2 protein chains.
Amino acid sequence: MSKKLTKYILPEKEMPTSWYNILPDLPEPMPPMLHPQTHEPTILPPPLFPAALNDQEFSKEHTIEIPDEVLDVYKMYRPTPLIRAYRLEKALGTPAQIFYKYEGVSAAGSHKLNTAIAQAYYNKKAGIKRLATETGAGQWGSALALACQYMGLECKVYMVKVSYNQKPYRRIMMETWGAKVVASPSTDTNFGKQVLAEDPNCPGSLGMAISEACEDAFSRDDTSYSLGSVLNHVILHQSIIGLETKKQLEMADVEADIIIGCVGGGSNFGGLAVPFVKDKMKGKKIELIAVEPTACPSMTRGPLAWDLGDVAGMAPIVMMYTLGHSFIPSPIHAGGLRYHGMSPLVSHLHKLKLIDARAVNQKATFESAIQFARTEGIIPAPEPAHAIKVVIDEALKCKESGQKKVIVLGLSGHGHFDLSAYDQFLSGKLEADAYDEAKVKQSLAQLPKIDYVAPK
Amino acid sequence: MSKKLTKYILPEKEMPTSWYNILPDLPEPMPPMLHPQTHEPTILPPPLFPAALNDQEFSKEHTIEIPDEVLDVYKMYRPTPLIRAYRLEKALGTPAQIFYKYEGVSAAGSHKLNTAIAQAYYNKKAGIKRLATETGAGQWGSALALACQYMGLECKVYMVKVSYNQKPYRRIMMETWGAKVVASPSTDTNFGKQVLAEDPNCPGSLGMAISEACEDAFSRDDTSYSLGSVLNHVILHQSIIGLETKKQLEMADVEADIIIGCVGGGSNFGGLAVPFVKDKMKGKKIELIAVEPTACPSMTRGPLAWDLGDVAGMAPIVMMYTLGHSFIPSPIHAGGLRYHGMSPLVSHLHKLKLIDARAVNQKATFESAIQFARTEGIIPAPEPAHAIKVVIDEALKCKESGQKKVIVLGLSGHGHFDLSAYDQFLSGKLEADAYDEAKVKQSLAQLPKIDYVAPK
């Protein structure tokens, strides 16, 4: 047996006990959130979020202690493994060392559980009995359903109707964990009823599901709303991914040259990246690459602009790379990467040139995913498969240059519920995704006009 | 954070490097295998299996070294975790300590990969280029597909047609790993063509798929046949589960009072149990409970008898607990527990009173599975859910008696591809399975008449 380790596993007692908050370390503060009506700086809408999460959203503390109750649940699946991709390296013939941080070991199957547990905990502590949320592909809904079960909260999930019908396994998973799941638009909210009155066959959209979940939370005292990405407190909770990865790279006695993760709302990449961005701000040489799909390239093609976080304009206005809140990307299989904008924090890091962004095509992505599955075994979700494509590109560059770079991939989840996309790819039926410039132009014309200027 | 460990994780360097072979330790030798035609003692049919596996089937060595190439692949997912079920214990209010050995962390999602990798390796070493096998629910086919990909072999899977149509995700998984999968009966074999000529709409059966895979292997010099359970060499390879578990219980500073696992062909339970059976033979007090479904209770209701291993009579005749080779159990959801007989080795252990057997109903099983999923997060496959039912029964007995027993569950795989069964249960549509005494009686009447008497 080779003496080289394959998996770098932190003992439970070395699991980080604080999250890392990058906000006070930034060389330039983030722009504020603006109220969607008044356009004045605002906090997170108070009836929707408990105070503790709002405090974290704008915290000036460098670290925030993880509550014991959250740590005890984290310990059921964390620390997650960092795995050396020997077989992929060999197949590529690269001198690069490839490591992947695998978040798919959680029962919910992705990194989403890290923030779901924390959010359920803080809501429970604030006396909330029930959480409402939306889900598209189902990763976030599954994670919140399980987290609510762990914390003894009820959970109501508005699942985009087209996904509800196409992905019954995700729905059943949420129900197995005790959540109530309805197809959105539903008759459970006034907004849903209104939509259905106009179009009884409406397939739904993430924007509509958000509006239903928000209305649900607004209308009941015992209920909060929960968001699985985009916001600072979500990336804060996800920082445990990067903190563990740093310790594991020390175990492996290497330093990362390149960190690569996929970005939709930004929480997977953000959580992996922030501890390494901290090093970079201190002068360390490290590349951080956020990978988005060609069909929804907010950072590689969109402007940095004030835009609405949601379609209906209920959420605050934020400064972010965006394709415009009315942009609806073509229906690619990586449902988690179809957000019109980008986390304001990740956008800010990109503006400060602390991270890079790259867009890759869905077809090349699935080719890479198959190569990964056939060497490393794990079948990746379509979202992190985008990052795998760039990992392979970088490893092949090393093959040409002879450089022995250390490449770290954020493998945010498995693709057990995305196999129909693999089937399409393997049978040659997967559509190539394309950038729709005209549609983006049209959408960008509808950006809100904001006069706000930050006080000096 | 609680200082008590949740997961007991062995370092890679402490992974067992030998399998444990219980055969030479048995107080009474196992009966031989008999040739299906001559009824004389026989070895595994030589053109179907390489010599190395046949040697292991009848080996007198106490331990067999695991080849380096196999260890290096094992290290991609092994050692697997032993997890303390704190939340389940709390929900039950039991003083018992419940641990589960989780084999679902492998990319194939179950323990089946442990023997698949070994079998692919020995076949490769024997110059074989291609393996043929059958699969019902798909766990075994997936594991062999991945193992063949790891070892650079081609893989052909004959998948029972009704499963092929009902479980497309399992088929896609095998194809993602490069296997060729056909619905059985197929037009790829003479046997399949013959069946289809008589009944073009035949839904197939495991027995038919075995016959197709065997014909495939018989007809090509470059191809062997591979079996995922029942045989001694399969349980030998699975002994790594029990060997790791013993080390992990030492880490936890406890000794097991009860070991519980589900049995279909017997490899999951056998692999977990054999190292503990060794202790029991030396006088240690430990209960080992094999759990089977009410609908297919070979050990709790069947006689110990000579019977055919397969429907068509191509495989050797073995001495085992059986419901008769022509018995077809009702279509319960735990497809892996529908074998008409039981591993001859597990049968022998039962005959020697070294292990106990219990049968549980499918409905009670799913109730237990839901309780497990809602406390421990992991959604179990329907097969190990049968064992969970007995774990809960035993833990509740401890609640009454106040005993602090240490209970170890073999959690052989996750249920990500079995969620439609959960859906049926949650919506109240799951059928109760029942023992069909008349059908078993009819089937037992067809047991082969064997005059063989072991020489003194």
# chains A, B, ... in the order shown; residues from 1 in each chain; ligands from 1
>>> residues_around(residues="A:Phe49", least_positions_apart="2", cutoff="10 Å", atoms="only C-alpha atoms", output="mmCIF file with N, CA, C and O atoms, in the first residue's frame")
data_model
loop_
_atom_site.group_PDB
_atom_site.id
_atom_site.type_symbol
_atom_site.label_atom_id
_atom_site.label_comp_id
_atom_site.auth_asym_id
_atom_site.auth_seq_id
_atom_site.Cartn_x
_atom_site.Cartn_y
_atom_site.Cartn_z
ATOM 1 N N ILE A 43 -31.051 47.700 6.812
ATOM 2 C CA ILE A 43 -30.603 46.399 7.300
ATOM 3 C C ILE A 43 -31.438 45.315 6.596
ATOM 4 O O ILE A 43 -32.278 45.629 5.734
ATOM 5 N N LEU A 44 -31.239 44.059 6.954
ATOM 6 C CA LEU A 44 -32.083 42.994 6.395
ATOM 7 C C LEU A 44 -33.505 43.192 6.912
ATOM 8 O O LEU A 44 -33.694 43.500 8.092
ATOM 9 N N PRO A 45 -34.514 43.025 6.060
ATOM 10 C CA PRO A 45 -35.890 43.283 6.505
ATOM 11 C C PRO A 45 -36.194 42.543 7.825
ATOM 12 O O PRO A 45 -36.215 41.310 7.848
ATOM 13 N N PRO A 46 -36.412 43.312 8.949
ATOM 14 C CA PRO A 46 -36.483 42.707 10.282
ATOM 15 C C PRO A 46 -37.537 41.617 10.479
ATOM 16 O O PRO A 46 -37.236 40.625 11.148
ATOM 17 N N PRO A 47 -38.740 41.721 9.948
ATOM 18 C CA PRO A 47 -39.645 40.621 10.280
ATOM 19 C C PRO A 47 -39.220 39.317 9.599
ATOM 20 O O PRO A 47 -39.618 38.241 10.015
ATOM 21 N N ALA A 51 -32.607 39.051 14.638
ATOM 22 C CA ALA A 51 -31.566 40.061 14.870
ATOM 23 C C ALA A 51 -30.154 39.470 14.778
ATOM 24 O O ALA A 51 -29.240 40.103 14.236
ATOM 25 N N ALA A 52 -29.983 38.260 15.285
ATOM 26 C CA ALA A 52 -28.634 37.676 15.309
ATOM 27 C C ALA A 52 -28.051 37.560 13.900
ATOM 28 O O ALA A 52 -26.866 37.840 13.679
ATOM 29 N N LEU A 53 -28.890 37.175 12.942
ATOM 30 C CA LEU A 53 -28.379 37.026 11.577
ATOM 31 C C LEU A 53 -28.106 38.397 10.966
ATOM 32 O O LEU A 53 -27.160 38.569 10.202
ATOM 33 N N ASN A 54 -28.957 39.379 11.304
ATOM 34 C CA ASN A 54 -28.700 40.732 10.810
ATOM 35 C C ASN A 54 -27.387 41.277 11.373
ATOM 36 O O ASN A 54 -26.603 41.897 10.658
ATOM 37 N N GLN A 119 -28.625 28.910 10.527
ATOM 38 C CA GLN A 119 -29.827 29.755 10.424
ATOM 39 C C GLN A 119 -30.978 29.164 11.240
ATOM 40 O O GLN A 119 -31.700 29.897 11.927
ATOM 41 N N TYR A 122 -30.240 30.006 15.001
ATOM 42 C CA TYR A 122 -30.479 31.390 15.444
ATOM 43 C C TYR A 122 -31.959 31.730 15.424
ATOM 44 O O TYR A 122 -32.444 32.504 16.246
ATOM 45 N N ASN A 123 -32.692 31.171 14.488
ATOM 46 C CA ASN A 123 -34.139 31.406 14.454
ATOM 47 C C ASN A 123 -34.817 30.757 15.657
ATOM 48 O O ASN A 123 -35.662 31.362 16.297
ATOM 49 N N ALA A 126 -34.337 32.712 18.670
ATOM 50 C CA ALA A 126 -35.136 33.946 18.672
ATOM 51 C C ALA A 126 -36.616 33.643 18.892
ATOM 52 O O ALA A 126 -37.459 34.537 18.800
ATOM 53 N N ILE A 128 -38.525 31.662 17.104
ATOM 54 C CA ILE A 128 -39.236 31.316 15.859
ATOM 55 C C ILE A 128 -39.552 29.813 15.863
ATOM 56 O O ILE A 128 -38.764 29.009 16.334
ATOM 57 N N ALA A 217 -43.729 34.267 5.431
ATOM 58 C CA ALA A 217 -43.015 34.701 6.640
ATOM 59 C C ALA A 217 -43.566 36.033 7.164
ATOM 60 O O ALA A 217 -43.668 36.241 8.377
ATOM 61 N N THR A 223 -43.037 32.666 12.080
ATOM 62 C CA THR A 223 -42.272 32.215 10.914
ATOM 63 C C THR A 223 -41.254 33.238 10.434
ATOM 64 O O THR A 223 -41.564 34.427 10.341
ATOM 65 N N SER A 224 -40.035 32.781 10.153
ATOM 66 C CA SER A 224 -39.036 33.613 9.495
ATOM 67 C C SER A 224 -38.791 33.091 8.087
ATOM 68 O O SER A 224 -39.202 31.983 7.733
ATOM 69 N N TYR A 225 -38.073 33.914 7.327
ATOM 70 C CA TYR A 225 -37.672 33.538 5.974
ATOM 71 C C TYR A 225 -36.190 33.173 6.032
ATOM 72 O O TYR A 225 -35.444 33.672 6.870
ATOM 73 N N SER A 226 -35.755 32.300 5.149
ATOM 74 C CA SER A 226 -34.372 31.843 5.190
ATOM 75 C C SER A 226 -33.816 31.812 3.771
ATOM 76 O O SER A 226 -34.487 31.334 2.852
ATOM 77 N N LEU A 227 -32.596 32.337 3.608
ATOM 78 C CA LEU A 227 -31.989 32.408 2.273
ATOM 79 C C LEU A 227 -30.691 31.601 2.266
ATOM 80 O O LEU A 227 -29.890 31.692 3.195
#
>>> residues_around(residues="A:Pro31", least_positions_apart="4", cutoff="10 Å", atoms="only C-alpha atoms", output="PDB file with C-alpha atoms, in the first residue's frame")
ATOM      1  CA  PRO A  41     -29.148  52.301   3.521  1.00  0.00           C
ATOM      2  CA  TRP A 306     -27.024  48.635  -8.103  1.00  0.00           C
ATOM      3  CA  VAL A 318     -27.371  45.788  -3.594  1.00  0.00           C
ATOM      4  CA  MET A 319     -24.186  46.643  -5.491  1.00  0.00           C
ATOM      5  CA  MET A 320     -23.198  43.563  -7.450  1.00  0.00           C
ATOM      6  CA  PRO A 344     -22.331  41.522  -3.063  1.00  0.00           C
ATOM      7  CA  LEU A 345     -19.347  40.274  -1.038  1.00  0.00           C
ATOM      8  CA  HIS A 348     -16.704  43.322  -3.995  1.00  0.00           C
ATOM      9  CA  VAL A 453     -23.727  58.336  -2.823  1.00  0.00           C
ATOM     10  CA  ALA A 454     -21.815  57.016   0.135  1.00  0.00           C
TER      11      ALA A 454
END
>>> select_by_dssp(residues="stretch 141-181 of chain B", states="alpha helix (DSSP H)", output="ChimeraX atom specification")
/B:141-151,161-166,168-176
>>> write_last_selection(atoms="N, CA and C atoms", output="mmCIF file, in the first residue's frame")
data_model
loop_
_atom_site.group_PDB
_atom_site.id
_atom_site.type_symbol
_atom_site.label_atom_id
_atom_site.label_comp_id
_atom_site.auth_asym_id
_atom_site.auth_seq_id
_atom_site.Cartn_x
_atom_site.Cartn_y
_atom_site.Cartn_z
ATOM 1 N N GLY B 141 -24.542 -3.811 -9.593
ATOM 2 C CA GLY B 141 -24.112 -3.378 -10.932
ATOM 3 C C GLY B 141 -23.328 -2.073 -10.861
ATOM 4 N N SER B 142 -23.788 -1.125 -10.048
ATOM 5 C CA SER B 142 -23.077 0.150 -9.898
ATOM 6 C C SER B 142 -21.682 -0.079 -9.352
ATOM 7 N N ALA B 143 -21.593 -0.915 -8.312
ATOM 8 C CA ALA B 143 -20.293 -1.145 -7.682
ATOM 9 C C ALA B 143 -19.329 -1.799 -8.668
ATOM 10 N N LEU B 144 -19.809 -2.794 -9.421
ATOM 11 C CA LEU B 144 -18.905 -3.470 -10.352
ATOM 12 C C LEU B 144 -18.517 -2.544 -11.514
ATOM 13 N N ALA B 145 -19.464 -1.711 -11.948
ATOM 14 C CA ALA B 145 -19.150 -0.756 -13.019
ATOM 15 C C ALA B 145 -18.006 0.166 -12.589
ATOM 16 N N LEU B 146 -18.094 0.682 -11.366
ATOM 17 C CA LEU B 146 -17.049 1.590 -10.884
ATOM 18 C C LEU B 146 -15.730 0.844 -10.691
ATOM 19 N N ALA B 147 -15.801 -0.358 -10.129
ATOM 20 C CA ALA B 147 -14.577 -1.138 -9.893
ATOM 21 C C ALA B 147 -13.877 -1.466 -11.209
ATOM 22 N N CYS B 148 -14.654 -1.815 -12.238
ATOM 23 C CA CYS B 148 -14.056 -2.111 -13.545
ATOM 24 C C CYS B 148 -13.392 -0.854 -14.117
ATOM 25 N N GLN B 149 -14.040 0.275 -13.928
ATOM 26 C CA GLN B 149 -13.455 1.537 -14.401
ATOM 27 C C GLN B 149 -12.125 1.795 -13.677
ATOM 28 N N TYR B 150 -12.096 1.573 -12.366
ATOM 29 C CA TYR B 150 -10.863 1.755 -11.594
ATOM 30 C C TYR B 150 -9.754 0.845 -12.111
ATOM 31 N N MET B 151 -10.105 -0.408 -12.457
ATOM 32 C CA MET B 151 -9.083 -1.387 -12.815
ATOM 33 C C MET B 151 -8.846 -1.474 -14.324
ATOM 34 N N LYS B 161 -35.220 -6.165 -16.487
ATOM 35 C CA LYS B 161 -35.902 -5.149 -17.298
ATOM 36 C C LYS B 161 -36.821 -4.238 -16.490
ATOM 37 N N VAL B 162 -37.534 -4.815 -15.535
ATOM 38 C CA VAL B 162 -38.457 -3.997 -14.763
ATOM 39 C C VAL B 162 -37.699 -2.939 -13.954
ATOM 40 N N SER B 163 -36.521 -3.285 -13.441
ATOM 41 C CA SER B 163 -35.685 -2.308 -12.731
ATOM 42 C C SER B 163 -35.088 -1.300 -13.712
ATOM 43 N N TYR B 164 -34.652 -1.827 -14.858
ATOM 44 C CA TYR B 164 -34.071 -0.969 -15.904
ATOM 45 C C TYR B 164 -35.033 0.170 -16.235
ATOM 46 N N ASN B 165 -36.316 -0.166 -16.296
ATOM 47 C CA ASN B 165 -37.308 0.858 -16.621
ATOM 48 C C ASN B 165 -37.678 1.721 -15.415
ATOM 49 N N GLN B 166 -37.737 1.096 -14.216
ATOM 50 C CA GLN B 166 -38.177 1.840 -13.032
ATOM 51 C C GLN B 166 -37.066 2.633 -12.358
ATOM 52 N N PRO B 168 -34.092 4.359 -13.661
ATOM 53 C CA PRO B 168 -33.157 4.852 -14.681
ATOM 54 C C PRO B 168 -31.882 5.452 -14.077
ATOM 55 N N TYR B 169 -31.968 6.017 -12.858
ATOM 56 C CA TYR B 169 -30.786 6.658 -12.270
ATOM 57 C C TYR B 169 -29.665 5.657 -12.026
ATOM 58 N N ARG B 170 -30.037 4.447 -11.593
ATOM 59 C CA ARG B 170 -29.016 3.421 -11.390
ATOM 60 C C ARG B 170 -28.351 3.054 -12.711
ATOM 61 N N ARG B 171 -29.173 2.958 -13.779
ATOM 62 C CA ARG B 171 -28.606 2.642 -15.089
ATOM 63 C C ARG B 171 -27.650 3.752 -15.528
ATOM 64 N N ILE B 172 -28.074 5.006 -15.362
ATOM 65 C CA ILE B 172 -27.232 6.140 -15.791
ATOM 66 C C ILE B 172 -25.926 6.163 -14.996
ATOM 67 N N MET B 173 -26.017 5.854 -13.709
ATOM 68 C CA MET B 173 -24.822 5.815 -12.860
ATOM 69 C C MET B 173 -23.802 4.824 -13.439
ATOM 70 N N MET B 174 -24.274 3.623 -13.790
ATOM 71 C CA MET B 174 -23.370 2.607 -14.351
ATOM 72 C C MET B 174 -22.773 3.100 -15.670
ATOM 73 N N GLU B 175 -23.595 3.755 -16.492
ATOM 74 C CA GLU B 175 -23.096 4.254 -17.779
ATOM 75 C C GLU B 175 -22.095 5.398 -17.581
ATOM 76 N N THR B 176 -22.357 6.226 -16.561
ATOM 77 C CA THR B 176 -21.418 7.310 -16.256
ATOM 78 C C THR B 176 -20.043 6.728 -15.939
#
>>> calpha_fit_rmsd(fixed="chain B", moving="chain A")
0.0 Å
>>> residues_around(residues="A:Gly309", least_positions_apart="6", cutoff="10 Å", atoms="only C-alpha atoms", output="list in words")
Pro36, Gly207, Val230, Ala315, Pro316, Ile317, Val318, Met319, Met320, Thr322, Gly324, His325, Tyr339, His340, Gly341, Met342, Ser343 and Pro344 of chain A
>>> write_last_selection(atoms="C-alpha atoms", output="PDB file, in the first residue's frame")
ATOM      1  CA  PRO A  36     -36.033  48.907  -2.324  1.00  0.00           C
ATOM      2  CA  GLY A 207     -38.518  34.729  -8.206  1.00  0.00           C
ATOM      3  CA  VAL A 230     -25.863  35.621  -1.623  1.00  0.00           C
ATOM      4  CA  ALA A 315     -35.383  42.333  -1.161  1.00  0.00           C
ATOM      5  CA  PRO A 316     -32.898  45.175  -0.657  1.00  0.00           C
ATOM      6  CA  ILE A 317     -31.031  46.746  -3.563  1.00  0.00           C
ATOM      7  CA  VAL A 318     -27.371  45.788  -3.594  1.00  0.00           C
ATOM      8  CA  MET A 319     -24.186  46.643  -5.491  1.00  0.00           C
ATOM      9  CA  MET A 320     -23.198  43.563  -7.450  1.00  0.00           C
ATOM     10  CA  THR A 322     -25.426  41.516 -12.491  1.00  0.00           C
ATOM     11  CA  GLY A 324     -30.206  42.525 -14.546  1.00  0.00           C
ATOM     12  CA  HIS A 325     -32.920  41.240 -12.217  1.00  0.00           C
ATOM     13  CA  TYR A 339     -28.964  33.584 -10.289  1.00  0.00           C
ATOM     14  CA  HIS A 340     -29.065  36.854 -12.253  1.00  0.00           C
ATOM     15  CA  GLY A 341     -26.553  38.570  -9.959  1.00  0.00           C
ATOM     16  CA  MET A 342     -23.714  37.689  -7.618  1.00  0.00           C
ATOM     17  CA  SER A 343     -23.203  37.870  -3.884  1.00  0.00           C
ATOM     18  CA  PRO A 344     -22.331  41.522  -3.063  1.00  0.00           C
TER      19      PRO A 344
END
>>> closest_residue(among="A:Ala108, A:Ile210, A:Met30, A:Ala369", to="A:Tyr422", atoms="only C-alpha atoms")
A:Ala369
>>> residues_around(residues="A:Gly204", least_positions_apart="4", cutoff="8 Å", atoms="only C-alpha atoms", output="list in words")
Val160, Lys161, Val162, Ser184, Pro185, Met208 and Ala209 of chain A
>>> interface_residues(of="chain B", to="chain A", cutoff="8 Å", atoms="only C-alpha atoms", output="MDAnalysis selection string")
chainID B and resid 1:3 5:7 12:13 67:69 71:72 75:76 83 105 107:108 146 149:150 169 172:173 175:178 370 373:379 416:417 419:420 422:423 426
>>> write_last_selection(atoms="N, CA and C atoms", output="compact mmCIF listing (two decimals), in the first residue's frame")
# COMPACT_ATOMS: atom_id res chain seq x y z
N MET B 1 -18.84 23.11 22.62
CA MET B 1 -18.95 21.86 21.83
C MET B 1 -18.69 20.67 22.76
N SER B 2 -19.55 19.69 22.64
CA SER B 2 -19.37 18.47 23.43
C SER B 2 -18.02 17.83 23.07
N LYS B 3 -17.30 17.37 24.10
CA LYS B 3 -15.99 16.76 23.83
C LYS B 3 -16.12 15.32 23.37
N LEU B 5 -16.72 12.30 21.10
CA LEU B 5 -16.62 12.12 19.65
C LEU B 5 -17.96 11.67 19.08
N THR B 6 -18.27 12.14 17.89
CA THR B 6 -19.45 11.65 17.17
C THR B 6 -19.04 10.57 16.17
N LYS B 7 -17.92 10.83 15.48
CA LYS B 7 -17.46 9.89 14.46
C LYS B 7 -16.12 9.29 14.88
N GLU B 12 -5.80 6.36 7.78
CA GLU B 12 -5.57 5.44 6.65
C GLU B 12 -4.52 4.39 6.97
N LYS B 13 -3.50 4.79 7.71
CA LYS B 13 -2.41 3.83 7.97
C LYS B 13 -2.84 2.71 8.92
N PRO B 67 -4.10 -7.04 -1.68
CA PRO B 67 -3.07 -6.52 -2.60
C PRO B 67 -2.97 -4.99 -2.52
N ASP B 68 -1.75 -4.48 -2.71
CA ASP B 68 -1.52 -3.03 -2.66
C ASP B 68 -2.45 -2.25 -3.58
N GLU B 69 -2.67 -2.79 -4.79
CA GLU B 69 -3.51 -2.07 -5.75
C GLU B 69 -4.94 -1.95 -5.23
N LEU B 71 -5.74 -1.98 -1.92
CA LEU B 71 -5.68 -1.05 -0.79
C LEU B 71 -5.69 0.40 -1.26
N ASP B 72 -4.94 0.67 -2.35
CA ASP B 72 -4.87 2.05 -2.83
C ASP B 72 -6.24 2.54 -3.31
N LYS B 75 -8.51 3.08 -0.19
CA LYS B 75 -8.18 4.33 0.51
C LYS B 75 -8.93 5.54 -0.02
N MET B 76 -9.53 5.41 -1.20
CA MET B 76 -10.32 6.53 -1.72
C MET B 76 -11.57 6.75 -0.87
N ILE B 83 -20.12 5.76 13.49
CA ILE B 83 -20.75 6.99 14.00
C ILE B 83 -21.61 6.66 15.21
N VAL B 105 -20.55 5.79 2.29
CA VAL B 105 -19.64 6.86 1.87
C VAL B 105 -18.88 6.52 0.59
N ALA B 107 -18.29 5.92 -3.33
CA ALA B 107 -18.95 6.59 -4.47
C ALA B 107 -20.11 5.76 -5.01
N ALA B 108 -20.00 4.43 -4.90
CA ALA B 108 -21.09 3.58 -5.38
C ALA B 108 -22.24 3.53 -4.37
N LEU B 146 -18.09 0.68 -11.37
CA LEU B 146 -17.05 1.59 -10.88
C LEU B 146 -15.73 0.84 -10.69
N GLN B 149 -14.04 0.27 -13.93
CA GLN B 149 -13.46 1.54 -14.40
C GLN B 149 -12.12 1.79 -13.68
N TYR B 150 -12.10 1.57 -12.37
CA TYR B 150 -10.86 1.76 -11.59
C TYR B 150 -9.75 0.84 -12.11
N TYR B 169 -31.97 6.02 -12.86
CA TYR B 169 -30.79 6.66 -12.27
C TYR B 169 -29.67 5.66 -12.03
N ILE B 172 -28.07 5.01 -15.36
CA ILE B 172 -27.23 6.14 -15.79
C ILE B 172 -25.93 6.16 -15.00
N MET B 173 -26.02 5.85 -13.71
CA MET B 173 -24.82 5.82 -12.86
C MET B 173 -23.80 4.82 -13.44
N GLU B 175 -23.59 3.76 -16.49
CA GLU B 175 -23.10 4.25 -17.78
C GLU B 175 -22.10 5.40 -17.58
N THR B 176 -22.36 6.23 -16.56
CA THR B 176 -21.42 7.31 -16.26
C THR B 176 -20.04 6.73 -15.94
N TRP B 177 -20.03 5.58 -15.30
CA TRP B 177 -18.76 4.90 -14.99
C TRP B 177 -18.31 4.00 -16.13
N GLY B 178 -18.96 4.10 -17.29
CA GLY B 178 -18.44 3.44 -18.48
C GLY B 178 -18.95 2.05 -18.77
N ILE B 370 -37.56 6.16 8.74
CA ILE B 370 -37.92 7.58 8.86
C ILE B 370 -37.40 8.14 10.18
N ALA B 373 -33.73 8.67 9.72
CA ALA B 373 -33.44 9.82 8.85
C ALA B 373 -33.70 11.14 9.58
N ARG B 374 -34.72 11.17 10.41
CA ARG B 374 -35.07 12.43 11.09
C ARG B 374 -34.21 12.70 12.32
N THR B 375 -33.45 11.73 12.76
CA THR B 375 -32.55 11.97 13.88
C THR B 375 -31.09 12.03 13.40
N GLU B 376 -30.69 11.06 12.59
CA GLU B 376 -29.30 10.97 12.17
C GLU B 376 -29.03 11.61 10.81
N GLY B 377 -30.08 12.02 10.11
CA GLY B 377 -29.90 12.70 8.82
C GLY B 377 -29.85 11.75 7.64
N ILE B 378 -28.97 10.77 7.71
CA ILE B 378 -28.78 9.85 6.58
C ILE B 378 -30.09 9.10 6.27
N ILE B 379 -30.46 9.08 5.00
CA ILE B 379 -31.62 8.32 4.57
C ILE B 379 -31.13 6.93 4.18
N HIS B 416 -30.58 6.99 -1.62
CA HIS B 416 -30.85 8.08 -2.58
C HIS B 416 -31.61 7.61 -3.82
N PHE B 417 -31.46 6.33 -4.15
CA PHE B 417 -32.13 5.85 -5.35
C PHE B 417 -33.36 5.01 -5.00
N LEU B 419 -35.94 6.52 -3.13
CA LEU B 419 -36.86 7.49 -2.50
C LEU B 419 -38.31 7.27 -2.89
N SER B 420 -38.55 6.58 -4.02
CA SER B 420 -39.95 6.35 -4.38
C SER B 420 -40.61 5.44 -3.34
N TYR B 422 -39.90 5.55 -0.12
CA TYR B 422 -40.20 6.48 0.98
C TYR B 422 -41.48 7.26 0.67
N ASP B 423 -41.61 7.67 -0.59
CA ASP B 423 -42.80 8.41 -1.02
C ASP B 423 -44.05 7.57 -0.78
N LEU B 426 -44.69 7.43 2.99
CA LEU B 426 -45.17 8.70 3.56
C LEU B 426 -46.60 9.01 3.13
>>> residues_around(residues="B:Lys441", least_positions_apart="5", cutoff="12 Å", atoms="only C-alpha atoms", output="short mmCIF file (atom, residue, chain, number, x, y, z; two decimals) with N, CA, C and O atoms, in the first residue's frame")
data_model
loop_
_atom_site.label_atom_id
_atom_site.label_comp_id
_atom_site.auth_asym_id
_atom_site.auth_seq_id
_atom_site.Cartn_x
_atom_site.Cartn_y
_atom_site.Cartn_z
N ARG B 301 -37.60 -19.09 8.58
CA ARG B 301 -38.70 -19.98 8.19
C ARG B 301 -38.27 -21.15 7.31
O ARG B 301 -38.99 -22.14 7.21
N GLY B 302 -37.14 -21.01 6.63
CA GLY B 302 -36.75 -22.05 5.68
C GLY B 302 -35.95 -23.16 6.35
O GLY B 302 -35.37 -22.97 7.41
N PRO B 303 -35.92 -24.35 5.72
CA PRO B 303 -35.09 -25.45 6.23
C PRO B 303 -33.65 -25.28 5.76
O PRO B 303 -33.38 -24.57 4.80
N THR B 322 -33.07 -22.09 2.97
CA THR B 322 -33.65 -21.72 1.68
C THR B 322 -35.18 -21.83 1.70
O THR B 322 -35.75 -22.61 2.49
N LEU B 323 -35.80 -21.05 0.85
CA LEU B 323 -37.25 -21.12 0.64
C LEU B 323 -37.52 -21.86 -0.67
O LEU B 323 -38.65 -21.91 -1.14
N GLY B 324 -36.46 -22.41 -1.25
CA GLY B 324 -36.57 -23.13 -2.52
C GLY B 324 -36.23 -22.22 -3.68
O GLY B 324 -36.68 -21.08 -3.74
N HIS B 325 -35.43 -22.77 -4.63
CA HIS B 325 -34.92 -21.92 -5.71
C HIS B 325 -36.03 -21.40 -6.63
O HIS B 325 -35.81 -20.48 -7.39
N SER B 326 -37.21 -21.99 -6.56
CA SER B 326 -38.28 -21.47 -7.45
C SER B 326 -39.17 -20.45 -6.72
O SER B 326 -40.12 -19.94 -7.29
N PHE B 327 -38.82 -20.15 -5.46
CA PHE B 327 -39.62 -19.18 -4.70
C PHE B 327 -39.33 -17.75 -5.17
O PHE B 327 -38.18 -17.34 -5.25
N TYR B 435 -45.74 -13.18 4.70
CA TYR B 435 -45.11 -14.46 4.44
C TYR B 435 -46.12 -15.35 3.74
O TYR B 435 -47.22 -15.57 4.24
N ASP B 436 -45.76 -15.84 2.57
CA ASP B 436 -46.69 -16.64 1.78
C ASP B 436 -46.36 -18.12 1.98
O ASP B 436 -45.58 -18.71 1.23
N GLN B 446 -39.86 -28.60 -4.54
CA GLN B 446 -39.00 -28.74 -5.71
C GLN B 446 -37.51 -28.74 -5.39
O GLN B 446 -36.67 -28.59 -6.28
N LEU B 447 -37.16 -28.87 -4.12
CA LEU B 447 -35.74 -28.95 -3.76
C LEU B 447 -35.12 -30.17 -4.42
O LEU B 447 -35.77 -31.21 -4.56
#
